[in-house]
Each structure stands twice: as structure tokens, then as C-alpha cells.
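One file, my_file_37.cif, carrying mmCIF, C-alpha atoms:
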```
data_structure
loop_
_atom_site.label_atom_id
_atom_site.label_comp_id
_atom_site.auth_asym_id
_atom_site.auth_seq_id
_atom_site.Cartn_x
_atom_site.Cartn_y
_atom_site.Cartn_z
CA MET B 5 102.77 105.39 85.23
CA THR B 6 100.00 102.95 86.11
CA ASP B 7 96.66 103.83 87.57
CA ALA B 8 95.80 101.79 90.64
CA ASN B 9 92.49 99.98 90.35
CA PRO B 10 92.39 97.90 93.51
CA LYS B 11 89.90 95.19 94.14
CA GLU B 12 87.71 95.06 97.21
CA PRO B 13 89.77 93.97 100.24
CA ASN B 14 89.32 90.57 101.82
CA ARG B 15 87.28 90.49 105.01
CA SER B 16 87.11 87.95 107.78
CA GLN B 17 83.35 88.64 107.85
CA PRO B 18 81.78 89.30 104.43
CA VAL B 19 79.47 92.31 104.42
CA LYS B 20 76.75 92.59 101.80
CA PHE B 21 73.87 94.89 100.96
CA PRO B 22 70.38 93.81 99.89
CA PRO B 23 69.70 94.17 96.14
CA HIS B 24 69.51 97.72 94.81
CA SER B 25 66.19 99.38 95.44
CA PRO B 26 64.16 101.49 92.98
CA LEU B 27 65.46 104.58 94.82
CA ARG B 28 68.95 104.16 93.44
CA GLU B 29 67.67 103.78 89.88
CA ARG B 30 65.53 106.92 90.21
CA LEU B 31 68.44 108.89 91.66
CA ASN B 32 70.65 107.80 88.78
CA GLN B 33 68.00 108.71 86.21
CA ALA B 34 67.43 112.15 87.75
CA VAL B 35 71.14 112.98 87.84
CA GLU B 36 71.74 111.69 84.30
CA SER B 37 68.84 113.83 83.09
CA TYR B 38 70.37 116.86 84.79
CA PHE B 39 73.68 116.45 82.96
CA LYS B 40 72.06 115.70 79.60
CA ARG B 41 69.64 118.61 79.88
CA ASP B 42 72.36 121.14 80.66
CA ARG B 43 74.97 119.40 78.45
CA LYS B 44 77.47 119.29 81.27
CA ASN B 45 80.34 116.91 81.83
CA LYS B 46 80.51 115.17 85.20
CA THR B 47 84.15 116.11 85.75
CA GLY B 48 85.45 119.47 86.94
CA GLY B 49 86.30 121.15 83.63
CA ILE B 50 88.15 124.44 83.48
CA ARG B 51 86.75 125.57 86.84
CA ILE B 52 88.58 122.88 88.79
CA TRP B 53 91.86 123.60 86.99
CA ILE B 54 91.69 127.30 87.89
CA LYS B 55 90.68 126.51 91.45
CA SER B 56 93.42 123.90 91.86
CA CYS B 57 96.11 126.26 90.61
CA ALA B 58 94.89 128.94 93.02
CA ILE B 59 94.95 126.62 96.04
CA ILE B 60 98.34 125.13 95.19
CA ALA B 61 99.71 128.67 94.76
CA TRP B 62 98.21 129.57 98.15
CA ALA B 63 100.03 126.65 99.78
CA ALA B 64 103.35 127.37 98.03
CA THR B 65 103.23 131.08 98.87
CA SER B 66 102.40 130.34 102.52
CA TRP B 67 105.32 127.89 102.79
CA ILE B 68 107.84 130.22 101.13
CA ALA B 69 106.80 133.14 103.30
CA LEU B 70 106.86 130.98 106.45
CA VAL B 71 110.29 129.44 105.84
CA PHE B 72 112.16 132.35 104.28
CA PHE B 73 110.47 135.57 105.37
CA ALA B 74 108.69 135.16 108.73
CA ALA B 75 110.53 137.47 111.15
CA ASN B 76 108.73 136.89 114.45
CA TRP B 77 106.39 134.51 116.24
CA TRP B 78 103.08 136.09 115.24
CA GLN B 79 104.03 136.10 111.55
CA ALA B 80 105.05 132.45 111.87
CA LEU B 81 101.70 131.56 113.47
CA LEU B 82 99.67 133.42 110.84
CA LEU B 83 101.61 131.84 107.99
CA GLY B 84 101.49 128.43 109.68
CA ALA B 85 97.71 128.66 109.95
CA SER B 86 97.56 129.71 106.30
CA LEU B 87 99.72 126.74 105.30
CA GLY B 88 97.62 124.29 107.29
CA LEU B 89 94.40 125.55 105.72
CA ALA B 90 95.94 125.53 102.24
CA VAL B 91 97.18 121.93 102.60
CA ALA B 92 93.70 120.89 103.72
CA GLY B 93 92.31 122.80 100.71
CA ILE B 94 94.54 120.76 98.40
CA GLY B 95 93.07 117.62 99.91
CA PHE B 96 89.48 118.83 99.62
CA ASN B 97 89.65 120.27 96.11
CA VAL B 98 92.48 118.64 94.15
CA GLN B 99 93.43 115.26 95.57
CA HIS B 100 89.91 114.22 96.53
CA ASP B 101 88.39 114.70 93.07
CA GLY B 102 91.41 113.05 91.45
CA GLY B 103 91.24 110.08 93.81
CA HIS B 104 87.62 109.53 92.82
CA GLY B 105 88.31 109.90 89.09
CA ALA B 106 86.22 113.09 89.00
CA PHE B 107 88.91 115.69 88.34
CA SER B 108 89.21 115.09 84.59
CA ARG B 109 88.05 112.80 81.82
CA ARG B 110 91.70 111.83 81.36
CA LYS B 111 92.94 109.10 83.68
CA LEU B 112 96.45 110.58 83.75
CA PHE B 113 95.23 113.93 85.09
CA ASN B 114 93.16 112.16 87.74
CA ARG B 115 96.22 110.20 88.76
CA PHE B 116 98.42 113.28 89.02
CA SER B 117 95.85 115.18 91.07
CA ALA B 118 95.44 112.14 93.37
CA LEU B 119 99.22 112.09 93.88
CA MET B 120 99.01 115.51 95.51
CA LEU B 121 98.17 113.57 98.67
CA ASP B 122 101.64 111.99 98.60
CA LEU B 123 103.25 115.41 98.38
CA VAL B 124 101.52 116.55 101.58
CA GLY B 125 102.46 113.47 103.58
CA GLY B 126 99.84 110.82 102.84
CA SER B 127 99.69 107.88 100.47
CA SER B 128 97.27 107.94 97.56
CA TYR B 129 97.53 104.16 97.31
CA MET B 130 96.50 103.51 100.92
CA TRP B 131 93.85 106.25 100.75
CA ASN B 132 92.23 104.51 97.80
CA PHE B 133 91.42 101.47 99.95
CA LYS B 134 90.69 103.29 103.19
CA HIS B 135 88.47 105.95 101.62
CA ASN B 136 87.09 104.74 98.30
CA ILE B 137 86.30 101.20 99.37
CA MET B 138 86.05 100.92 103.14
CA HIS B 139 84.50 104.32 103.84
CA HIS B 140 82.43 105.00 100.72
CA GLN B 141 81.10 101.49 100.26
CA TYR B 142 80.50 100.75 103.95
CA THR B 143 79.89 104.19 105.42
CA ASN B 144 79.52 104.16 109.21
CA VAL B 145 79.59 100.37 109.43
CA ASP B 146 81.48 99.82 112.65
CA GLY B 147 84.26 97.30 112.08
CA VAL B 148 84.57 97.98 108.35
CA ASP B 149 84.66 101.76 107.91
CA ASP B 150 88.13 102.58 109.24
CA ASP B 151 87.24 106.26 109.54
CA LEU B 152 85.30 105.34 112.69
CA VAL B 153 88.45 103.97 114.32
CA ALA B 154 90.10 106.38 116.76
CA TRP B 155 89.96 104.11 119.79
CA PRO B 156 91.20 104.22 122.54
CA PHE B 157 91.40 108.01 122.22
CA LEU B 158 87.85 108.46 120.94
CA ARG B 159 84.73 106.32 121.01
CA LEU B 160 82.83 106.91 117.78
CA ALA B 161 80.45 103.94 117.71
CA PRO B 162 78.21 102.25 120.30
CA GLY B 163 79.91 98.90 119.72
CA GLN B 164 83.32 100.21 120.75
CA LYS B 165 84.47 99.69 124.31
CA ARG B 166 83.84 102.65 126.55
CA LEU B 167 86.69 103.91 128.75
CA TRP B 168 86.15 106.26 131.66
CA PHE B 169 87.77 109.27 129.99
CA HIS B 170 85.51 109.07 126.92
CA ARG B 171 82.97 111.08 128.88
CA PHE B 172 85.28 114.07 128.26
CA GLN B 173 85.99 113.38 124.60
CA TRP B 174 83.80 116.23 123.44
CA LEU B 175 86.27 118.55 125.20
CA TYR B 176 89.67 117.00 124.53
CA ILE B 177 89.07 116.06 120.90
CA TRP B 178 90.14 119.50 119.66
CA PRO B 179 93.76 119.57 120.95
CA LEU B 180 93.98 115.85 120.20
CA TYR B 181 93.84 116.69 116.49
CA VAL B 182 97.47 117.87 116.66
CA PHE B 183 98.52 114.19 116.70
CA PHE B 184 96.39 112.99 113.81
CA PRO B 185 98.36 114.35 110.81
CA PRO B 186 101.80 113.20 112.13
CA LYS B 187 100.33 109.79 112.96
CA TRP B 188 98.93 109.52 109.46
CA GLN B 189 102.07 110.90 107.78
CA TRP B 190 104.73 108.98 109.71
CA PHE B 191 103.08 105.87 111.13
CA ASP B 192 99.79 104.66 109.64
CA ASP B 193 100.93 104.23 106.03
CA PHE B 194 104.07 102.29 107.03
CA ARG B 195 102.12 100.11 109.44
CA THR B 196 99.67 99.30 106.66
CA LEU B 197 102.55 98.52 104.30
CA VAL B 198 104.11 96.08 106.77
CA LYS B 199 100.87 94.39 107.89
CA GLY B 200 99.00 94.47 104.60
CA ARG B 201 95.91 95.54 106.51
CA ILE B 202 93.89 98.62 107.30
CA GLY B 203 92.28 97.76 110.60
CA ALA B 204 90.99 94.22 110.21
CA GLN B 205 90.68 94.46 106.42
CA ARG B 206 93.35 92.96 104.19
CA ILE B 207 94.65 94.97 101.26
CA PRO B 208 97.24 94.08 98.61
CA ARG B 209 100.60 95.63 99.39
CA PRO B 210 101.78 98.19 96.83
CA LYS B 211 104.26 97.05 94.20
CA GLY B 212 106.22 98.65 91.39
CA TRP B 213 105.39 102.28 90.77
CA ASN B 214 102.87 102.42 93.63
CA LEU B 215 105.52 101.29 96.13
CA THR B 216 108.15 103.60 94.66
CA TRP B 217 105.91 106.63 94.78
CA LEU B 218 104.91 105.90 98.38
CA PHE B 219 108.55 106.33 99.45
CA VAL B 220 109.27 109.16 97.00
CA GLY B 221 106.24 111.05 98.27
CA LYS B 222 107.28 110.59 101.90
CA LEU B 223 110.80 111.80 101.06
CA LEU B 224 109.53 114.89 99.24
CA PHE B 225 107.18 115.70 102.11
CA PHE B 226 109.94 115.23 104.69
CA THR B 227 112.17 117.55 102.68
CA TRP B 228 109.81 120.52 102.40
CA ALA B 229 108.11 120.08 105.77
CA LEU B 230 111.19 119.56 107.96
CA ILE B 231 114.62 119.37 106.26
CA VAL B 232 114.54 122.79 104.55
CA PRO B 233 113.05 124.51 107.63
CA PHE B 234 115.72 122.84 109.85
CA ILE B 235 118.40 124.39 107.64
CA MET B 236 116.85 127.85 107.99
CA HIS B 237 115.66 127.89 111.61
CA PRO B 238 116.39 126.48 115.09
CA PHE B 239 115.31 122.89 115.66
CA TRP B 240 112.70 123.58 118.35
CA HIS B 241 111.18 126.48 116.42
CA VAL B 242 110.59 124.20 113.45
CA LEU B 243 109.02 121.46 115.57
CA GLY B 244 106.77 124.00 117.27
CA ILE B 245 105.48 125.42 113.98
CA TYR B 246 105.14 121.91 112.52
CA ALA B 247 102.93 121.00 115.50
CA PHE B 248 100.85 124.15 115.02
CA VAL B 249 100.38 123.48 111.29
CA ALA B 250 99.42 119.88 112.17
CA LEU B 251 96.84 121.16 114.65
CA VAL B 252 95.23 123.46 112.07
CA LEU B 253 95.31 120.71 109.44
CA GLY B 254 93.99 118.05 111.82
CA ILE B 255 91.09 120.16 113.10
CA THR B 256 90.11 121.12 109.56
CA LEU B 257 90.24 117.62 108.06
CA GLY B 258 88.79 115.85 111.08
CA THR B 259 85.92 118.24 111.62
CA VAL B 260 84.77 118.04 107.99
CA PHE B 261 84.54 114.25 108.21
CA LEU B 262 82.89 114.19 111.62
CA LEU B 263 80.27 116.80 110.72
CA ALA B 264 79.19 114.57 107.84
CA HIS B 265 79.04 111.22 109.63
CA CYS B 266 79.43 111.58 113.41
CA VAL B 267 76.35 113.64 114.19
CA GLU B 268 73.12 112.81 115.99
CA GLU B 269 71.13 112.45 112.78
CA ALA B 270 73.43 109.91 111.06
CA ASP B 271 73.18 106.18 111.75
CA ILE B 272 76.10 104.02 112.82
CA GLN B 273 75.54 100.33 112.20
CA PRO B 274 77.35 97.21 113.40
CA VAL B 275 78.08 94.35 111.05
CA PRO B 276 75.05 92.04 111.37
CA ALA B 277 75.65 88.45 112.46
CA ALA B 278 74.49 87.23 109.05
CA GLY B 279 76.78 89.71 107.29
CA ARG B 280 73.91 91.40 105.41
CA LEU B 281 73.12 95.03 106.15
CA PRO B 282 69.45 95.94 106.61
CA GLN B 283 69.24 98.62 103.91
CA SER B 284 70.10 98.78 100.24
CA TRP B 285 73.18 100.78 99.32
CA ALA B 286 71.49 104.09 98.43
CA GLU B 287 69.27 104.07 101.51
CA HIS B 288 72.32 103.23 103.63
CA GLN B 289 74.27 106.21 102.28
CA LEU B 290 71.34 108.53 102.96
CA ALA B 291 70.95 107.21 106.51
CA THR B 292 74.63 107.52 107.44
CA THR B 293 75.60 110.82 105.79
CA ALA B 294 74.66 114.44 106.45
CA ASN B 295 75.09 117.71 104.59
CA PHE B 296 75.97 120.84 106.53
CA SER B 297 75.86 124.57 105.87
CA PRO B 298 74.89 124.16 102.19
CA ARG B 299 74.07 127.84 101.69
CA ASN B 300 77.49 129.11 102.72
CA PRO B 301 79.30 129.88 99.43
CA ILE B 302 82.71 130.49 101.05
CA LEU B 303 82.61 127.19 102.92
CA THR B 304 81.38 125.36 99.84
CA TRP B 305 84.25 126.77 97.76
CA TYR B 306 86.93 125.99 100.33
CA LEU B 307 85.69 122.50 101.27
CA GLY B 308 85.45 121.37 97.68
CA GLY B 309 81.71 120.83 98.11
CA LEU B 310 82.25 118.35 100.95
CA ASN B 311 79.54 120.07 102.94
CA TYR B 312 77.34 118.33 100.33
CA GLN B 313 78.41 114.89 101.56
CA VAL B 314 75.09 113.25 100.68
CA GLU B 315 75.50 114.04 96.99
CA HIS B 316 79.16 113.10 97.14
CA HIS B 317 78.47 109.69 98.67
CA LEU B 318 75.74 108.90 96.19
CA PHE B 319 77.77 110.11 93.18
CA PRO B 320 81.48 110.07 94.11
CA ARG B 321 82.65 110.12 90.47
CA VAL B 322 80.93 113.46 89.88
CA SER B 323 83.16 116.47 90.48
CA HIS B 324 82.43 118.62 93.51
CA VAL B 325 81.81 121.67 91.30
CA HIS B 326 78.35 120.19 90.52
CA TYR B 327 77.17 119.31 94.03
CA LYS B 328 75.40 122.56 94.79
CA ARG B 329 73.15 122.22 91.74
CA LEU B 330 72.72 118.46 92.17
CA ALA B 331 71.52 118.78 95.75
CA PRO B 332 67.98 119.98 94.88
CA VAL B 333 67.68 117.13 92.35
CA VAL B 334 68.65 114.56 94.98
CA ARG B 335 66.43 116.13 97.64
CA GLN B 336 63.42 116.05 95.34
CA VAL B 337 63.85 112.36 94.56
CA CYS B 338 64.24 111.62 98.27
CA ALA B 339 61.10 113.62 99.05
CA ASP B 340 59.13 111.78 96.35
CA GLU B 341 60.28 108.43 97.76
CA GLY B 342 59.74 109.41 101.40
CA VAL B 343 63.41 108.92 102.30
CA PRO B 344 65.14 111.43 104.65
CA HIS B 345 67.84 113.69 103.20
CA ILE B 346 69.84 114.78 106.26
CA THR B 347 70.99 118.41 106.31
CA ASN B 348 72.21 120.60 109.14
CA PRO B 349 71.47 124.07 107.78
CA SER B 350 74.39 125.88 109.42
CA LEU B 351 77.91 125.18 110.62
CA TYR B 352 76.80 125.98 114.17
CA ARG B 353 73.95 123.43 114.01
CA ALA B 354 76.32 120.78 112.65
CA LEU B 355 78.94 121.44 115.35
CA ARG B 356 76.28 121.33 118.05
CA SER B 357 74.98 118.01 116.72
CA HIS B 358 78.51 116.62 116.58
CA ILE B 359 79.28 117.63 120.17
CA ARG B 360 76.04 116.04 121.36
CA PHE B 361 77.01 112.88 119.48
CA LEU B 362 80.43 112.80 121.19
CA ARG B 363 78.82 113.32 124.60
CA ARG B 364 76.35 110.51 123.95
CA MET B 365 79.12 108.12 122.85
CA GLY B 366 81.02 109.01 126.02
CA ARG B 367 78.17 108.01 128.33
CA ARG B 368 77.83 104.53 129.77
CA GLU B 369 74.28 104.08 128.51
CA ALA B 370 75.41 104.54 124.86
CA ALA B 371 76.82 101.02 125.02
#
```
With the file now loaded, output its structure as C-alpha cells.
Amino acid sequence: MTDANPKEPNRSQPVKFPPHSPLRERLNQAVESYFKRDRKNKTGGIRIWIKSCAIIAWAATSWIALVFFAANWWQALLLGASLGLAVAGIGFNVQHDGGHGAFSRRKLFNRFSALMLDLVGGSSYMWNFKHNIMHHQYTNVDGVDDDLVAWPFLRLAPGQKRLWFHRFQWLYIWPLYVFFPPKWQWFDDFRTLVKGRIGAQRIPRPKGWNLTWLFVGKLLFFTWALIVPFIMHPFWHVLGIYAFVALVLGITLGTVFLLAHCVEEADIQPVPAAGRLPQSWAEHQLATTANFSPRNPILTWYLGGLNYQVEHHLFPRVSHVHYKRLAPVVRQVCADEGVPHITNPSLYRALRSHIRFLRRMGRREAA
């Protein structure tokens, strides 16, 4: 098994940052001092193994109970919601750390945990380009960060064309999430494979093991998500529960991303005509990323620390189990340097800021 190490994708318009500022060096020094002082490893250690086993067991138990034991509609809905949340939990806690090389010091274990995405319908190969390079390197840069692309259904950046119905996007976004997981599972990855592009950005098409596992993963997902349920239950019942699980999964995954980047406090920047962004990389990450509800221990556990998005974007190769303790270190450096560290203190505040953002993007004057 080979570990994908893709290069940066080709762009029709090169995008560059100014040279690194002293802020990045001071952040790196502070975080390195934290790990040396406490003699901690940057990966997840035994905690992430126990947590991963628990979440995978949660997903497997929910699926078995849903397919083989659910006796009526309300049991099916409860178990479907449980399955959707568990699958999202696998993404937050297992696949995400593995995809960033933060799950383990061993490359093989990182690779296996990253492949969990393929088992739940995605492609770890495509995700590596879309997330690790386009999103993490160029966060909230309209035209490069593909996570901002949901047009024509949503308008998530001022530079995107406004359609009349976008004024209602803050209302219809929630049921719209039912379409996002199936689109991602059955359409986006194959479109990328055929075109060799994610949005406007070229990527190398997968070959060898990466190509094989893309199709094997899709087949395994299709088998457990639809084929086995079709054998056990009526066709329309299965499609209905699949849609409900997709809705729960889509709302959970989509909201976590949007609360971190599509809020009033976070910047969204176009690609400058000269191709050079105005801020150095660290300042850019701090300006385009927001933490939310950092003092909620249940949310922090379930989201794999992704409510600490600032720390994650600055140090993506550090496991999420460390973010809570790293946050005060990062905040102190930002305070010393006079750089904002964006935090919405509660889930309610973050949701309110996100809804205001959607309403602003839906207005004509936001263009």
C-alpha cells in the first residue's frame, strides 16, 4: 500500500502569500515549547485509538440495529439519526486526523484511518486535494477554496453571482443538506476522476492502488448502505431512511464547516489580480477561521476538536486531542502580537453569526 503525497495542483492563476511573518515563527516556537515541556507527542496516542474504536462501534451497532432489528418507523428514524451522527463522528475523529497525518506516528496507521472515508462513501484521494491543499492552504479564497462552492444553490462569497432566491438561502439551506452527501458519494468523486479537476484546479488522476481503492471503497459503501438493506426491506423504505441518514449527516458535516468559515467575523477574499494575497499565511488563517463553543466538552469530544478550527488550521498535523490545551497558547501569542483570534463562545452565537452571514450574502448589496 502506498501513501499518497500529492503535489500542489496546477492553477490557471497562481496564488501566492507574502513571505512568512514573525507571527508564524512565534506560534511555532510556543507550540513546540508546549510539547517539549509536557513531553507530549503531537499525534493522538492511546486516547485516539480508544475513541476511534468507540465511534466505529457506535456506527456498526447503529447500522446492525437499523437493518436487522428496527420494527417500526420511529425505531428506524432514531437508529437512522444515530447512524448519521456516528458516520459524521468517524469523519471528525478518525478519518480527519489520519488524512492530516496526525492520527499516529506510523504512516500506515494514518493511511488506514484516512481510508475510513472511502468506507463511508467518499474518496480519501480526492479529499486530500480538496481539503488538505485547496481548503487548508487557501482558506476562504474565493475561486481556489472549493469548500466555498455551492453555487447556484448557495452564495457563499461576495464574488459569486447572486440569484433572486439566494435571499432565502438562510431558510432553505437546512433541508438542502439532504442532497449533499449523495452528491458527494455518487457524483463529485467520479466527476473529478473524469475531468481531472476539482472546480477550476487541476489534480493528477489517481492511479494504481489509489484508483483501485476508490472503486473498492465505493463498492463497499454501496453494499452496506443500500444492497444489504434492499435485501432486508422494501425498496422505498430503504430509500426513505437513506435520505434521512443523508440529511442528518449533511447537516452535521456542513454546519461544522460553515460555523468555522462562513460567519460574519471570518474574511472571504477574492484572488487578487496580481495573484498575491495581502496577508502572510498565518495571518490569513487567523482572519478566515473561527472557533466556536470551545468550553462545551461534549461538543469538543464529538467534533474531534473541530470547534477549535483556528488551532487546527495553524497546526493541522497535530492531533485534535491537543487542541483544547493548545488554544490558550495560540490565543496568548495572538494577543501579544495584536492579531485577532476569532471565537464565538457558544453554539448559539456561532449559528446566529452564520445565519446573518447567509442573509448578507443573499442581499443584492453584498455584491
Which residues are close to Ser127 of chain B, i.e. within 7 Å by all atoms listed in the file, leaving aside same-chain residues fewer than 5 positions away? Reply as a list of chain:residue names.
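Near Ser127 of chain B, the qualifying residues are B:Leu121, B:Asp122, B:Asp193, B:Leu218.
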Within 6 Å of segment 144-150 of chain B using only C-alpha atoms, minus same-chain residues under 5 positions, as a ChimeraX atom specification
/B:138-139,272-274
Selected by the PyMOL selection byres ((chain B and resi 320-325) around 6) in the shown coordinates: which residues, as a PDB file with C-alpha atoms, keeping the file's coordinate frame?
```pdb
ATOM      1  CA  LYS B  46      80.510 115.170  85.200  1.00  0.00           C
ATOM      2  CA  THR B  47      84.150 116.110  85.750  1.00  0.00           C
ATOM      3  CA  GLY B  48      85.450 119.470  86.940  1.00  0.00           C
ATOM      4  CA  HIS B 104      87.620 109.530  92.820  1.00  0.00           C
ATOM      5  CA  GLY B 105      88.310 109.900  89.090  1.00  0.00           C
ATOM      6  CA  ALA B 106      86.220 113.090  89.000  1.00  0.00           C
ATOM      7  CA  GLY B 308      85.450 121.370  97.680  1.00  0.00           C
ATOM      8  CA  GLY B 309      81.710 120.830  98.110  1.00  0.00           C
ATOM      9  CA  HIS B 316      79.160 113.100  97.140  1.00  0.00           C
ATOM     10  CA  HIS B 317      78.470 109.690  98.670  1.00  0.00           C
ATOM     11  CA  PHE B 319      77.770 110.110  93.180  1.00  0.00           C
ATOM     12  CA  HIS B 326      78.350 120.190  90.520  1.00  0.00           C
ATOM     13  CA  TYR B 327      77.170 119.310  94.030  1.00  0.00           C
TER      14      TYR B 327
END
```
Would you mind listing what lies within 8 Å of segment 60-63 of chain B as a PyMOL selection string, with all atoms listed in the file counted and same-chain residues fewer than 6 positions away left out?
chain B and resi 86-87+90-91+94
Convert the output of the PyMOL selection byres ((chain B and resi 70) around 9) on the shown file into explicit residues, formatted as JSON, numbers by chain.
{"B": [65, 66, 67, 68, 69, 71, 72, 73, 74, 75, 79, 80, 81, 82, 83, 84, 87]}
Let's have the selection written as a PDB file, keeping the file's coordinate frame, with C-alpha atoms.
```
ATOM      1  CA  THR B  65     103.230 131.080  98.870  1.00  0.00           C
ATOM      2  CA  SER B  66     102.400 130.340 102.520  1.00  0.00           C
ATOM      3  CA  TRP B  67     105.320 127.890 102.790  1.00  0.00           C
ATOM      4  CA  ILE B  68     107.840 130.220 101.130  1.00  0.00           C
ATOM      5  CA  ALA B  69     106.800 133.140 103.300  1.00  0.00           C
ATOM      6  CA  VAL B  71     110.290 129.440 105.840  1.00  0.00           C
ATOM      7  CA  PHE B  72     112.160 132.350 104.280  1.00  0.00           C
ATOM      8  CA  PHE B  73     110.470 135.570 105.370  1.00  0.00           C
ATOM      9  CA  ALA B  74     108.690 135.160 108.730  1.00  0.00           C
ATOM     10  CA  ALA B  75     110.530 137.470 111.150  1.00  0.00           C
ATOM     11  CA  GLN B  79     104.030 136.100 111.550  1.00  0.00           C
ATOM     12  CA  ALA B  80     105.050 132.450 111.870  1.00  0.00           C
ATOM     13  CA  LEU B  81     101.700 131.560 113.470  1.00  0.00           C
ATOM     14  CA  LEU B  82      99.670 133.420 110.840  1.00  0.00           C
ATOM     15  CA  LEU B  83     101.610 131.840 107.990  1.00  0.00           C
ATOM     16  CA  GLY B  84     101.490 128.430 109.680  1.00  0.00           C
ATOM     17  CA  LEU B  87      99.720 126.740 105.300  1.00  0.00           C
TER      18      LEU B  87
END
```
Record the distance separating atom CA of Leu152 of chain B and atom CA of Leu224 of chain B, expressed in Å with one decimal.
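Taking atom CA of Leu152 of chain B as the start and atom CA of Leu224 of chain B as the end point, the length is 29.3 Å.
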How many Å lie between atom CA of Leu223 of chain B and atom CA of Trp53 of chain B, rounded to one decimal?
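These two atoms are separated by 26.4 Å.
Considering the residues B:Pro26, B:Gly126, B:Gly366, B:Gly254 and counting only C-alpha atoms, Gly221 of chain B has its shortest atom-to-atom contact with B:Gly126.
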Selection in question (the file shown): the PyMOL selection byres ((chain B and resi 278) around 10). Which residues does it include, as a list of chain:residue names?
B:Gln17, B:Pro18, B:Val19, B:Lys20, B:Val275, B:Pro276, B:Ala277, B:Gly279, B:Arg280, B:Leu281
Find the residue from B:Val35, B:Val260, B:Val252, B:Met236 that sits nearest to Leu180 of chain B; use only C-alpha atoms when measuring.
B:Val252
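Note that atom CA of Lys187 of chain B and atom CA of Gln313 of chain B are 25.2 Å apart.
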Contacts of Leu355 of chain B at 12 Å (all atoms listed in the file; same-chain gap of 2+ positions) as a ChimeraX atom specification:
/B:174,259-268,296-297,348-353,357-362
When you get a chance, write out N, CA and C atoms for segment 36-51 of chain B, as a compact mmCIF listing (two decimals), in the coordinates of the input.
```
# COMPACT_ATOMS: atom_id res chain seq x y z
N GLU B 36 71.39 111.79 85.73
CA GLU B 36 71.74 111.69 84.30
C GLU B 36 70.94 112.70 83.49
N SER B 37 69.67 112.86 83.81
CA SER B 37 68.84 113.83 83.09
C SER B 37 69.35 115.25 83.30
N TYR B 38 69.82 115.54 84.50
CA TYR B 38 70.37 116.86 84.79
C TYR B 38 71.57 117.15 83.88
N PHE B 39 72.49 116.21 83.77
CA PHE B 39 73.68 116.45 82.96
C PHE B 39 73.36 116.49 81.47
N LYS B 40 72.43 115.67 81.02
CA LYS B 40 72.06 115.70 79.60
C LYS B 40 71.32 116.98 79.25
N ARG B 41 70.44 117.41 80.14
CA ARG B 41 69.64 118.61 79.88
C ARG B 41 70.54 119.84 79.76
N ASP B 42 71.49 119.97 80.66
CA ASP B 42 72.36 121.14 80.66
C ASP B 42 73.65 120.93 79.86
N ARG B 43 73.79 119.74 79.26
CA ARG B 43 74.97 119.40 78.45
C ARG B 43 76.27 119.65 79.21
N LYS B 44 76.30 119.15 80.40
CA LYS B 44 77.47 119.29 81.27
C LYS B 44 78.21 117.97 81.35
N ASN B 45 79.53 118.09 81.57
CA ASN B 45 80.34 116.91 81.83
C ASN B 45 80.44 116.71 83.33
N LYS B 46 80.52 115.47 83.77
CA LYS B 46 80.51 115.17 85.20
C LYS B 46 81.82 115.53 85.89
N THR B 47 82.87 115.75 85.14
CA THR B 47 84.15 116.11 85.75
C THR B 47 84.21 117.62 85.97
N GLY B 48 85.37 118.09 86.47
CA GLY B 48 85.45 119.47 86.94
C GLY B 48 85.59 120.52 85.87
N GLY B 49 86.14 120.16 84.69
CA GLY B 49 86.30 121.15 83.63
C GLY B 49 87.30 122.24 83.99
N ILE B 50 87.20 123.35 83.30
CA ILE B 50 88.15 124.44 83.48
C ILE B 50 88.08 125.03 84.88
N ARG B 51 86.89 124.98 85.51
CA ARG B 51 86.75 125.57 86.84
C ARG B 51 87.67 124.90 87.86
```
